[in-house]
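target_32.tsv, holding TSV, C-alpha atoms:
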```
chain	number	residue	atom	x	y	z
A	1	MET	CA	47.44	97.32	121.33
A	2	ARG	CA	48.22	96.46	117.76
A	3	LYS	CA	49.93	99.74	116.93
A	4	PRO	CA	52.55	99.64	119.71
A	5	ILE	CA	53.48	96.07	118.82
A	6	LEU	CA	53.73	96.93	115.15
A	7	GLY	CA	55.95	99.85	116.08
A	8	LEU	CA	58.10	97.55	118.16
A	9	MET	CA	58.39	95.13	115.24
A	10	ILE	CA	59.53	97.92	112.96
A	11	PHE	CA	62.00	99.17	115.53
A	12	LEU	CA	63.48	95.71	115.98
A	13	GLY	CA	63.68	95.30	112.24
A	14	ALA	CA	65.51	98.58	111.80
A	15	ALA	CA	67.76	97.85	114.76
A	16	CYS	CA	68.67	94.49	113.26
A	17	LEU	CA	69.39	96.21	109.99
A	18	SER	CA	71.74	98.78	111.44
A	19	GLY	CA	73.11	96.16	113.78
A	20	GLY	CA	74.60	94.31	110.89
A	21	CYS	CA	72.03	91.60	110.09
A	22	GLU	CA	73.89	90.43	107.06
A	23	SER	CA	73.31	86.71	107.12
A	24	PRO	CA	71.18	85.61	104.15
A	25	GLY	CA	68.72	83.79	106.36
A	26	SER	CA	68.11	86.64	108.73
A	27	ARG	CA	64.61	87.97	108.79
A	28	PHE	CA	62.65	90.39	110.89
A	29	LEU	CA	60.56	89.23	113.78
A	30	ALA	CA	56.89	89.99	113.42
A	31	TYR	CA	53.89	89.61	115.61
A	32	ASN	CA	50.65	88.14	114.56
A	33	LEU	CA	48.04	88.70	117.18
A	34	GLY	CA	46.06	85.82	115.76
A	35	SER	CA	42.91	85.16	117.63
A	36	ARG	CA	41.59	88.00	119.73
A	37	SER	CA	40.88	85.49	122.42
A	38	VAL	CA	44.52	85.42	123.50
A	39	PRO	CA	45.56	89.04	123.37
A	40	GLU	CA	48.16	88.70	126.11
A	41	ALA	CA	50.13	86.00	124.36
A	42	PRO	CA	51.60	87.58	121.28
A	43	ARG	CA	52.64	85.01	118.74
A	44	VAL	CA	56.03	85.42	117.22
A	45	LEU	CA	56.29	84.52	113.58
A	46	LEU	CA	58.85	85.04	110.87
A	47	ALA	CA	56.28	86.60	108.65
A	48	ASP	CA	56.48	88.42	105.37
A	49	ILE	CA	57.66	91.82	106.37
A	50	PRO	CA	58.27	94.68	103.97
A	51	PRO	CA	61.89	94.90	102.88
A	52	PRO	CA	64.07	97.37	104.77
A	53	ALA	CA	63.85	99.90	101.98
A	54	ALA	CA	60.13	100.05	102.44
A	55	LEU	CA	60.50	101.46	105.94
A	56	SER	CA	59.91	105.15	105.94
A	57	ASP	CA	62.31	107.55	107.56
A	58	ALA	CA	59.72	108.30	110.16
A	59	GLN	CA	59.56	104.64	111.16
A	60	ALA	CA	63.28	104.10	111.38
A	61	PRO	CA	64.86	104.91	114.74
A	62	THR	CA	67.06	107.95	114.66
A	63	PRO	CA	70.31	107.06	116.39
A	64	LEU	CA	71.95	109.71	118.51
A	65	LEU	CA	75.20	111.00	117.07
A	66	THR	CA	78.19	110.07	119.17
A	67	VAL	CA	80.99	112.59	119.10
A	68	VAL	CA	84.44	111.08	119.42
A	69	GLU	CA	87.31	113.43	120.15
A	70	PRO	CA	90.07	113.42	119.24
A	71	ARG	CA	89.93	111.73	115.86
A	72	LYS	CA	91.05	108.15	115.72
A	73	VAL	CA	94.13	107.72	113.55
A	74	VAL	CA	96.07	104.56	112.82
A	75	TYR	CA	99.75	105.23	112.18
A	76	THR	CA	101.78	102.73	110.20
A	77	GLY	CA	105.42	102.89	109.18
A	78	ARG	CA	107.54	100.81	106.83
A	79	PHE	CA	111.30	101.21	106.74
A	80	ASN	CA	114.09	99.76	104.69
A	81	VAL	CA	117.34	100.30	106.53
A	82	ALA	CA	120.86	99.35	105.47
A	83	VAL	CA	122.94	98.29	108.45
A	84	GLY	CA	126.24	96.60	109.11
A	85	ASP	CA	124.81	93.89	111.37
A	86	VAL	CA	121.28	92.75	110.54
A	87	ALA	CA	120.88	90.31	113.46
A	88	ALA	CA	122.00	92.90	116.01
A	89	SER	CA	119.67	95.48	114.50
A	90	ILE	CA	116.73	93.09	114.73
A	91	GLN	CA	117.46	92.52	118.40
A	92	ALA	CA	117.92	96.25	118.96
A	93	THR	CA	114.53	96.93	117.39
A	94	LYS	CA	112.89	94.31	119.58
A	95	ALA	CA	114.51	95.88	122.64
A	96	LEU	CA	113.35	99.29	121.45
A	97	ALA	CA	109.74	98.08	121.28
A	98	ASP	CA	109.97	96.73	124.84
A	99	LYS	CA	111.57	99.92	126.09
A	100	LEU	CA	108.84	102.08	124.59
A	101	GLY	CA	106.08	99.96	126.07
A	102	GLY	CA	105.30	98.09	122.89
A	103	TYR	CA	105.91	94.57	121.73
A	104	MET	CA	107.24	92.50	118.86
A	105	LEU	CA	104.60	91.17	116.48
A	106	ARG	CA	106.67	88.96	114.23
A	107	MET	CA	110.25	88.51	113.18
A	108	THR	CA	112.16	86.89	110.33
A	109	VAL	CA	115.85	86.75	109.48
A	110	ASN	CA	115.90	90.33	108.22
A	111	THR	CA	112.49	91.79	109.06
A	112	ILE	CA	110.82	92.72	112.29
A	113	VAL	CA	107.33	94.03	112.90
A	114	ILE	CA	106.67	95.85	116.15
A	115	ARG	CA	103.87	97.78	117.74
A	116	VAL	CA	104.61	100.79	119.92
A	117	PRO	CA	102.26	103.15	121.77
A	118	ALA	CA	101.06	105.78	119.31
A	119	GLU	CA	102.51	108.60	121.39
A	120	LYS	CA	105.94	106.93	121.12
A	121	PHE	CA	105.72	106.50	117.35
A	122	ASP	CA	108.01	109.43	116.49
A	123	ALA	CA	110.58	108.32	119.05
A	124	ALA	CA	110.58	104.83	117.55
A	125	VAL	CA	110.95	106.19	114.02
A	126	GLU	CA	113.93	108.33	115.04
A	127	ALA	CA	115.59	105.46	116.87
A	128	ILE	CA	115.22	103.18	113.85
A	129	ALA	CA	116.58	105.87	111.53
A	130	ARG	CA	119.69	106.08	113.71
A	131	MET	CA	120.41	102.37	113.33
A	132	GLY	CA	121.77	102.78	109.82
A	133	MET	CA	121.02	104.31	106.49
A	134	VAL	CA	117.32	104.64	105.75
A	135	ILE	CA	116.89	103.61	102.14
A	136	ASP	CA	113.11	103.78	101.97
A	137	LYS	CA	110.56	105.14	104.39
A	138	ASP	CA	106.79	105.08	104.15
A	139	VAL	CA	104.71	106.45	107.00
A	140	THR	CA	100.94	106.58	106.68
A	141	ALA	CA	98.20	107.95	108.89
A	142	GLN	CA	94.75	106.48	108.34
A	143	ASP	CA	91.79	108.28	109.85
A	144	VAL	CA	89.40	105.60	111.11
A	145	THR	CA	87.07	107.86	113.06
A	146	ASP	CA	84.12	107.24	110.73
A	147	GLN	CA	84.69	103.50	110.79
A	148	TYR	CA	84.88	103.60	114.58
A	149	LEU	CA	81.69	105.63	114.90
A	150	ASP	CA	79.88	103.29	112.53
A	151	LEU	CA	80.90	100.25	114.56
A	152	GLU	CA	79.87	101.93	117.80
A	153	MET	CA	76.49	102.85	116.37
A	154	ARG	CA	75.89	99.37	115.06
A	155	LEU	CA	76.85	97.94	118.43
A	156	LYS	CA	74.52	100.29	120.24
A	157	ASN	CA	71.62	99.36	117.97
A	158	ALA	CA	72.35	95.67	118.27
A	159	LYS	CA	72.38	95.94	122.06
A	160	ALA	CA	69.08	97.81	122.01
A	161	ALA	CA	67.58	95.07	119.83
A	162	GLN	CA	68.96	92.47	122.21
A	163	GLN	CA	67.24	94.14	125.17
A	164	LYS	CA	63.94	94.25	123.32
A	165	LEU	CA	64.21	90.59	122.45
A	166	LEU	CA	64.98	89.74	126.08
A	167	ALA	CA	61.87	91.62	127.11
A	168	LEU	CA	59.85	89.72	124.54
A	169	LEU	CA	61.32	86.45	125.71
A	170	GLU	CA	60.00	87.08	129.17
A	171	LYS	CA	56.53	87.68	127.82
A	172	ALA	CA	56.48	84.79	125.37
A	173	GLN	CA	54.38	81.85	126.45
A	174	ALA	CA	54.30	79.54	123.45
A	175	VAL	CA	57.30	77.26	123.08
A	176	SER	CA	57.58	78.05	119.40
A	177	ASP	CA	57.72	81.76	120.20
A	178	THR	CA	60.43	81.19	122.78
A	179	LEU	CA	62.46	79.18	120.33
A	180	GLU	CA	62.18	81.80	117.63
A	181	ILE	CA	63.16	84.61	119.99
A	182	GLU	CA	66.09	82.64	121.37
A	183	LYS	CA	67.29	81.91	117.86
A	184	GLU	CA	67.19	85.59	117.04
A	185	LEU	CA	68.84	86.45	120.34
A	186	GLN	CA	71.67	84.08	119.60
A	187	ARG	CA	72.23	85.70	116.23
A	188	ILE	CA	72.20	89.21	117.68
A	189	THR	CA	74.54	88.15	120.48
A	190	THR	CA	76.97	86.83	117.88
A	191	ASP	CA	76.72	90.14	116.04
A	192	ILE	CA	77.41	92.04	119.25
A	193	GLU	CA	80.47	89.92	120.01
A	194	ARG	CA	81.75	90.43	116.47
A	195	LEU	CA	81.23	94.20	116.65
A	196	GLU	CA	82.86	94.40	120.07
A	197	GLY	CA	85.80	92.45	118.68
A	198	GLN	CA	86.13	94.84	115.73
A	199	ILE	CA	85.97	97.88	118.01
A	200	LYS	CA	88.55	96.37	120.33
A	201	LYS	CA	90.86	95.61	117.40
A	202	LEU	CA	90.46	99.11	115.95
A	203	THR	CA	91.04	100.71	119.34
A	204	HIS	CA	94.21	98.70	119.73
A	205	GLU	CA	95.42	99.66	116.25
A	206	VAL	CA	94.89	103.33	117.14
A	207	ALA	CA	96.65	102.97	120.47
A	208	PHE	CA	99.59	100.95	119.13
A	209	SER	CA	101.23	102.00	115.87
A	210	MET	CA	102.78	99.31	113.72
A	211	LEU	CA	106.30	99.57	112.40
A	212	THR	CA	107.74	97.17	109.87
A	213	VAL	CA	111.49	97.33	109.45
A	214	LEU	CA	113.37	95.51	106.73
A	215	PHE	CA	117.10	95.46	107.39
A	216	ASN	CA	119.54	95.06	104.54
A	217	GLN	CA	123.14	94.12	105.00
A	218	THR	CA	125.34	96.89	103.68
A	219	LYS	CA	127.72	95.74	101.03
A	220	SER	CA	131.01	96.46	102.67
A	221	ALA	CA	134.34	96.01	101.02
A	222	PRO	CA	137.65	96.71	102.65
A	223	ALA	CA	139.72	99.45	101.16
A	224	GLU	CA	142.25	97.85	98.90
A	225	THR	CA	144.83	98.80	96.40
A	226	GLN	CA	143.34	99.22	93.00
A	227	VAL	CA	144.48	100.69	89.78
A	228	LYS	CA	143.76	104.37	89.83
A	229	LEU	CA	141.83	105.41	86.77
A	230	PRO	CA	143.28	108.34	84.80
A	231	PHE	CA	140.39	110.66	85.60
A	232	TYR	CA	141.52	113.03	88.31
A	233	TRP	CA	138.03	114.10	89.27
A	234	LEU	CA	137.15	110.62	90.52
A	235	GLY	CA	139.62	111.25	93.31
A	236	ARG	CA	137.75	114.38	94.28
A	237	LEU	CA	134.41	112.68	94.72
A	238	GLY	CA	133.09	112.06	98.19
A	239	LEU	CA	132.32	113.79	101.42
A	240	ASP	CA	135.69	115.46	102.05
A	241	GLU	CA	135.47	117.65	98.97
A	242	LEU	CA	131.71	118.08	99.11
A	243	LEU	CA	131.50	119.21	102.72
A	244	SER	CA	134.60	121.43	102.74
A	245	PHE	CA	134.37	125.12	102.03
B	1	MET	CA	115.82	149.37	57.16
B	2	ARG	CA	116.28	150.62	60.68
B	3	HIS	CA	113.50	148.33	61.90
B	4	ALA	CA	115.22	145.32	60.36
B	5	ALA	CA	118.52	146.20	62.02
B	6	ILE	CA	116.88	146.42	65.42
B	7	THR	CA	115.20	143.08	64.87
B	8	VAL	CA	118.53	141.44	63.97
B	9	LEU	CA	120.19	143.05	67.01
B	10	LEU	CA	117.48	141.80	69.32
B	11	ALA	CA	117.72	138.31	67.86
B	12	CYS	CA	121.49	138.34	68.52
B	13	VAL	CA	120.96	139.45	72.11
B	14	VAL	CA	118.37	136.75	72.72
B	15	LEU	CA	120.62	134.11	71.14
B	16	SER	CA	123.60	135.23	73.22
B	17	CYS	CA	121.55	135.06	76.39
B	18	GLY	CA	120.45	131.57	75.46
B	19	VAL	CA	124.04	130.53	74.94
B	20	LEU	CA	125.16	132.04	78.23
B	21	VAL	CA	122.28	130.58	80.19
B	22	GLY	CA	122.78	127.15	78.65
B	23	CYS	CA	126.54	126.97	79.24
B	24	GLU	CA	126.54	125.60	82.75
B	25	PRO	CA	124.84	122.37	83.70
B	26	LYS	CA	122.15	123.00	86.25
B	27	MET	CA	120.05	121.17	88.76
B	28	GLN	CA	116.99	122.19	90.74
B	29	MET	CA	117.94	122.69	94.37
B	30	PRO	CA	115.36	121.73	96.99
B	31	SER	CA	113.75	124.33	99.18
B	32	GLY	CA	115.75	125.01	102.33
B	33	PHE	CA	119.03	124.98	100.41
B	34	VAL	CA	120.97	128.12	99.60
B	35	GLU	CA	123.34	128.24	96.64
B	36	VAL	CA	126.86	129.27	97.62
B	37	GLU	CA	128.78	132.14	96.10
B	38	LYS	CA	131.13	131.59	93.19
B	39	HIS	CA	134.29	131.47	95.28
B	40	ASN	CA	132.82	128.59	97.28
B	41	LEU	CA	131.87	126.52	94.27
B	42	GLY	CA	135.12	124.54	94.26
B	43	PRO	CA	135.14	121.92	91.49
B	44	TYR	CA	131.40	122.12	91.14
B	45	SER	CA	129.29	124.01	88.67
B	46	GLN	CA	126.58	124.40	91.27
B	47	ARG	CA	126.60	123.93	95.00
B	48	ALA	CA	124.06	124.55	97.74
B	49	VAL	CA	123.92	124.03	101.45
B	50	SER	CA	121.18	123.66	104.03
B	51	ALA	CA	121.32	125.35	107.41
B	52	ASP	CA	121.80	121.97	109.12
B	53	GLY	CA	124.85	121.11	107.04
B	54	VAL	CA	123.65	118.99	104.15
B	55	VAL	CA	125.38	119.88	100.89
B	56	ILE	CA	124.21	119.26	97.35
B	57	ALA	CA	126.43	119.89	94.36
B	58	LEU	CA	126.67	119.22	90.68
B	59	ARG	CA	129.87	118.55	88.82
B	60	SER	CA	130.30	118.25	85.11
B	61	GLU	CA	133.23	116.55	83.42
B	62	THR	CA	133.91	115.90	79.79
B	63	ASN	CA	133.33	112.40	78.56
B	64	PRO	CA	136.46	112.07	76.39
B	65	LYS	CA	136.01	108.52	75.28
B	66	ASP	CA	132.25	108.58	75.09
B	67	ALA	CA	132.21	106.12	77.92
B	68	THR	CA	128.90	104.60	78.90
B	69	LEU	CA	126.86	105.20	82.01
B	70	GLU	CA	127.80	101.75	83.22
B	71	PHE	CA	131.50	102.64	82.92
B	72	TRP	CA	131.18	105.78	85.05
B	73	ALA	CA	128.85	104.22	87.59
B	74	THR	CA	131.35	101.42	88.12
B	75	ALA	CA	134.27	103.86	88.26
B	76	VAL	CA	132.52	106.02	90.88
B	77	ARG	CA	131.44	103.02	92.95
B	78	ASP	CA	134.88	101.39	92.89
B	79	GLU	CA	136.61	104.64	93.69
B	80	LEU	CA	134.51	105.20	96.78
B	81	VAL	CA	134.18	101.62	97.98
B	82	ASN	CA	137.51	100.06	97.09
B	83	ARG	CA	139.77	103.05	97.45
B	84	ARG	CA	138.06	105.10	100.15
B	85	GLY	CA	136.29	102.45	102.25
B	86	TYR	CA	132.79	103.82	101.79
B	87	VAL	CA	129.95	101.34	102.27
B	88	LEU	CA	127.60	100.97	99.34
B	89	ALA	CA	124.09	100.96	100.78
B	90	LYS	CA	122.15	100.98	97.56
B	91	GLU	CA	122.57	101.15	93.82
B	92	GLU	CA	119.52	101.95	91.76
B	93	ALA	CA	118.43	103.25	88.40
B	94	ALA	CA	117.80	106.98	88.15
B	95	GLU	CA	116.27	109.16	85.49
B	96	ALA	CA	116.89	112.83	84.87
B	97	ALA	CA	114.03	115.20	84.17
B	98	ASN	CA	114.81	115.04	80.44
B	99	GLY	CA	114.52	111.26	80.46
B	100	THR	CA	118.26	110.50	80.48
B	101	LYS	CA	118.96	107.26	82.33
B	102	GLY	CA	121.35	107.40	85.23
B	103	LYS	CA	122.55	105.56	88.31
B	104	LEU	CA	122.01	106.65	91.88
B	105	LEU	CA	124.53	105.31	94.35
B	106	THR	CA	124.00	105.66	98.09
B	107	PHE	CA	126.96	105.25	100.44
B	108	THR	CA	127.58	105.51	104.13
B	109	ALA	CA	130.86	106.45	105.74
B	110	LEU	CA	132.10	107.19	109.23
B	111	ARG	CA	133.61	110.56	109.98
B	112	SER	CA	134.74	111.35	113.52
B	113	GLY	CA	132.61	108.50	114.83
B	114	ALA	CA	129.41	109.78	113.23
B	115	GLU	CA	127.70	108.14	110.29
B	116	PHE	CA	127.47	110.20	107.15
B	117	THR	CA	125.54	109.50	103.98
B	118	TYR	CA	126.79	110.32	100.53
B	119	LEU	CA	124.69	110.08	97.39
B	120	ALA	CA	126.01	110.31	93.85
B	121	ALA	CA	123.76	110.34	90.82
B	122	VAL	CA	125.66	109.73	87.59
B	123	TYR	CA	124.40	110.74	84.15
B	124	VAL	CA	125.99	110.84	80.73
B	125	MET	CA	124.46	113.53	78.58
B	126	GLY	CA	125.59	115.88	75.86
B	127	GLY	CA	129.20	114.66	75.83
B	128	GLN	CA	129.45	115.26	79.55
B	129	VAL	CA	129.47	113.16	82.65
B	130	LEU	CA	127.26	114.79	85.25
B	131	VAL	CA	127.58	113.75	88.87
B	132	ALA	CA	125.01	115.18	91.23
B	133	GLU	CA	126.22	114.70	94.79
B	134	ALA	CA	124.68	115.10	98.21
B	135	GLY	CA	126.13	114.48	101.62
B	136	GLY	CA	125.71	115.12	105.29
B	137	LYS	CA	125.21	113.46	108.64
B	138	SER	CA	122.85	110.51	108.18
B	139	GLU	CA	120.48	111.54	110.94
B	140	THR	CA	120.16	114.99	109.38
B	141	LEU	CA	120.07	113.95	105.78
B	142	VAL	CA	117.37	111.33	106.29
B	143	HIS	CA	114.78	114.03	106.96
B	144	ARG	CA	115.54	115.62	103.60
B	145	LEU	CA	116.06	112.41	101.65
B	146	ALA	CA	112.96	112.66	99.48
B	147	ASP	CA	113.78	116.25	98.43
B	148	ILE	CA	117.42	115.36	97.85
B	149	ARG	CA	116.57	112.38	95.66
B	150	LYS	CA	114.29	114.64	93.66
B	151	ALA	CA	117.07	117.20	93.22
B	152	LEU	CA	119.55	114.53	92.16
B	153	ALA	CA	117.15	113.57	89.38
B	154	SER	CA	116.95	117.12	88.06
B	155	PRO	CA	120.29	117.86	86.33
B	156	ARG	CA	120.39	119.05	82.77
B	157	ALA	CA	123.48	119.39	80.64
B	158	GLY	CA	124.89	122.79	79.81
B	159	GLY	CA	126.24	124.15	76.52
B	160	ILE	CA	124.65	124.03	73.07
```
Render the structure in this file as structure tokens.
Amino acid sequence: MRKPILGLMIFLGAACLSGGCESPGSRFLAYNLGSRSVPEAPRVLLADIPPPAALSDAQAPTPLLTVVEPRKVVYTGRFNVAVGDVAASIQATKALADKLGGYMLRMTVNTIVIRVPAEKFDAAVEAIARMGMVIDKDVTAQDVTDQYLDLEMRLKNAKAAQQKLLALLEKAQAVSDTLEIEKELQRITTDIERLEGQIKKLTHEVAFSMLTVLFNQTKSAPAETQVKLPFYWLGRLGLDELLSF
Amino acid sequence: MRHAAITVLLACVVLSCGVLVGCEPKMQMPSGFVEVEKHNLGPYSQRAVSADGVVIALRSETNPKDATLEFWATAVRDELVNRRGYVLAKEEAAEAANGTKGKLLTFTALRSGAEFTYLAAVYVMGGQVLVAEAGGKSETLVHRLADIRKALASPRAGGI
């Protein structure tokens, strides 16, 4: 009887560990059988348990490896575009996001941040490039597959620990035991919600690429009469000469 | 005696080659660009074109009054903006591979309803004004912008 319960304690401890038990006050649940006269009412105590490092590999649960295909990549783009009409370009970018099935995240006088479906990222980049002259462009792809797998694993372990605690709660008879288990359940539930939130956020970032566009007003000056400098070659600068063969 | 004569002759040949090679200012063209033949050089000392119509060229002019970089950058900008109606999109500091400071000017201009981009990098080195130019349709050029900017920062003066 003692061995299975000890094993369960160790499993819960390891599950809590991998489930992200990071709060300073968190401790492992332990059973003290106490008097042999009440073997069916295990007493739950926050006892002195060996530190996590003391758990041998054999004792720690071996999580199953989850294979996620394809790899999860977060695409992000930053553009600096010179345009003739900044306000119109901002509105055009907002309309572009809507058209591609995305949405506007935030907007200032000359900057707009949008999210577009990842599969429409290239189309969005090309459309923005056509709005004016791209001065600077920075597109990054961040592989978050490992981070995603880690979160999934921690969530799975936390849920397993939650189920075990629920089972223990049903068996607990002493009020103090019930209180201790409920306290631990509440903490694990919070962990689960946090992990689920992180996974949801990451999934969204993978599904919707973020594009930040800073529009600059082009410095336009009307052609005007000006003293022609006595350097003939200045008059041969420009596209006409360059692109003519 | 004969050995010495050969040595002197070889030294002369090497020196001559160095002079010839160093006469023309040069820049490093990006991959995907093909240098044009001599009869297509026009006023440029070097000129290359990509298959999709972006052109990069280098011109070298004497700097008769030892004018400063600021002088030429202003002259180029004013010529294109005030006299030709180009739109100045950006003006930034540039630096050639040998450390010479320069100015990189980026312009846009409309041609037949399409937007074109024109870049001019101005350097003053070795008694010469070097202008490295690049131009093409904006939507084409933008895909090669990083390579083009790198090329425009690669000129070196010719002559000895």
| task | For each of A:Ala92, A:Val125, A:Leu149, A:Val74, take the minimum atom-to-atom distance to chain B, counting all atoms listed in the file, then give the residue where this is smallest. | result |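 Answer, going by the shortest atom-to-atom distance: A:Val125.
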If you take all atoms listed in the file and a cut-off of 6 Å, which residues of chain B touch chain A, and what are their nearest atom pairs and distances in Å to one decimal, in chain and number order, as a tab-separated table?
```
residue	atom	partner	partner_atom	distance
B:Asn82	CA	A:Ala223	CA	4.7
B:Arg83	CA	A:Ala223	CA	5.2
B:Arg84	CA	A:Ala223	CA	6.0
B:Gly85	CA	A:Ala223	CA	4.7
B:Val87	CA	A:Ser220	CA	5.0
B:Leu88	CA	A:Lys219	CA	5.5
B:Ala89	CA	A:Thr218	CA	5.2
```
| query | Suppose you want the space between CA of Phe33 in chain B and CA of Arg59 in chain B; what is it in Å? | reply |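 Those two atoms sit 17.1 Å apart.
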| Which residue gives the smallest distance to Leu211 in chain A among A:Thr145, A:Lys120, A:Ala161, A:Ser176, with only C-alpha atoms counted? | A:Lys120
| What separation in Å, quoted to one decimal, exists between CA of Ala151 in chain B and CA of Leu41 in chain B? | 17.5 Å
Build an axis-aligned box that encloses every atom of range 32-36 of chain B listed in the file, pad it by 5 Å on each side, and report its centre and edge lengths in Å to one decimal, as JSON.
```
{"center_x": 121.3, "center_y": 127.1, "center_z": 99.5, "size_x": 21.1, "size_y": 14.3, "size_z": 15.7}
```
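CA of Lys99 in chain A is positioned 29.3 Å from CA of Tyr148 in chain A.
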| message | For a quick check of understanding, using all atoms listed in the file, which of B:Asp147, B:Asp66, B:Glu139, B:Asp78 has the smallest distance to Gly53 in chain B? | response | B:Glu139
| said: Could you check the closest approach to Ala67 in chain B for each of B:Ala134, B:Val36, B:Leu104, B:Val124 and tell me which residue wins, using only C-alpha atoms? | reply: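 Nearest candidate to Ala67 in chain B out of B:Ala134, B:Val36, B:Leu104, B:Val124: B:Val124.
Residues of protein, DNA and RNA with at least one atom no farther than 12 Å from (107.8, 93.8, 110.2) are, using only C-alpha atoms, A:Thr76, A:Gly77, A:Arg78, A:Phe79, A:Asn80, A:Ile90, A:Thr93, A:Lys94, A:Tyr103, A:Met104, A:Leu105, A:Arg106, A:Met107, A:Thr108, A:Val109, A:Asn110, A:Thr111, A:Ile112, A:Val113, A:Ile114, A:Arg115, A:Ser209, A:Met210, A:Leu211, A:Thr212, A:Val213, A:Leu214, A:Phe215.
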Go ahead and save the residues from that selection, with C-alpha atoms, as a PDB file, in the frame of the given file.
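In the end it all went to out.pdb:
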```pdb
ATOM      1  CA  THR A  76     101.780 102.730 110.200  1.00  0.00           C
ATOM      2  CA  GLY A  77     105.420 102.890 109.180  1.00  0.00           C
ATOM      3  CA  ARG A  78     107.540 100.810 106.830  1.00  0.00           C
ATOM      4  CA  PHE A  79     111.300 101.210 106.740  1.00  0.00           C
ATOM      5  CA  ASN A  80     114.090  99.760 104.690  1.00  0.00           C
ATOM      6  CA  ILE A  90     116.730  93.090 114.730  1.00  0.00           C
ATOM      7  CA  THR A  93     114.530  96.930 117.390  1.00  0.00           C
ATOM      8  CA  LYS A  94     112.890  94.310 119.580  1.00  0.00           C
ATOM      9  CA  TYR A 103     105.910  94.570 121.730  1.00  0.00           C
ATOM     10  CA  MET A 104     107.240  92.500 118.860  1.00  0.00           C
ATOM     11  CA  LEU A 105     104.600  91.170 116.480  1.00  0.00           C
ATOM     12  CA  ARG A 106     106.670  88.960 114.230  1.00  0.00           C
ATOM     13  CA  MET A 107     110.250  88.510 113.180  1.00  0.00           C
ATOM     14  CA  THR A 108     112.160  86.890 110.330  1.00  0.00           C
ATOM     15  CA  VAL A 109     115.850  86.750 109.480  1.00  0.00           C
ATOM     16  CA  ASN A 110     115.900  90.330 108.220  1.00  0.00           C
ATOM     17  CA  THR A 111     112.490  91.790 109.060  1.00  0.00           C
ATOM     18  CA  ILE A 112     110.820  92.720 112.290  1.00  0.00           C
ATOM     19  CA  VAL A 113     107.330  94.030 112.900  1.00  0.00           C
ATOM     20  CA  ILE A 114     106.670  95.850 116.150  1.00  0.00           C
ATOM     21  CA  ARG A 115     103.870  97.780 117.740  1.00  0.00           C
ATOM     22  CA  SER A 209     101.230 102.000 115.870  1.00  0.00           C
ATOM     23  CA  MET A 210     102.780  99.310 113.720  1.00  0.00           C
ATOM     24  CA  LEU A 211     106.300  99.570 112.400  1.00  0.00           C
ATOM     25  CA  THR A 212     107.740  97.170 109.870  1.00  0.00           C
ATOM     26  CA  VAL A 213     111.490  97.330 109.450  1.00  0.00           C
ATOM     27  CA  LEU A 214     113.370  95.510 106.730  1.00  0.00           C
ATOM     28  CA  PHE A 215     117.100  95.460 107.390  1.00  0.00           C
TER      29      PHE A 215
END
```
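Closest approach to Thr62 in chain B from the set A:Leu96, A:Val175, A:Tyr232, A:Lys164 is made by A:Tyr232, with distances taken over all atoms listed in the file.
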| Within 7 Å of Glu61 in chain B using all atoms listed in the file, minus same-chain residues under 5 positions, as a list of chain:residue names |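 After dropping sequence-adjacent residues, the list is B:Gln128, B:Val129, B:Leu130.
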| field | Within 10 Å of Arg144 in chain B using all atoms listed in the file, minus same-chain residues under 4 positions, as a count of residues only | value | 9
| request: Give as a ChimeraX atom specification each residue that has an atom at most 7 Å from (124.1, 124.9, 99.4) in the file, counting only C-alpha atoms. | output: /B:33-36,47-50,55-56
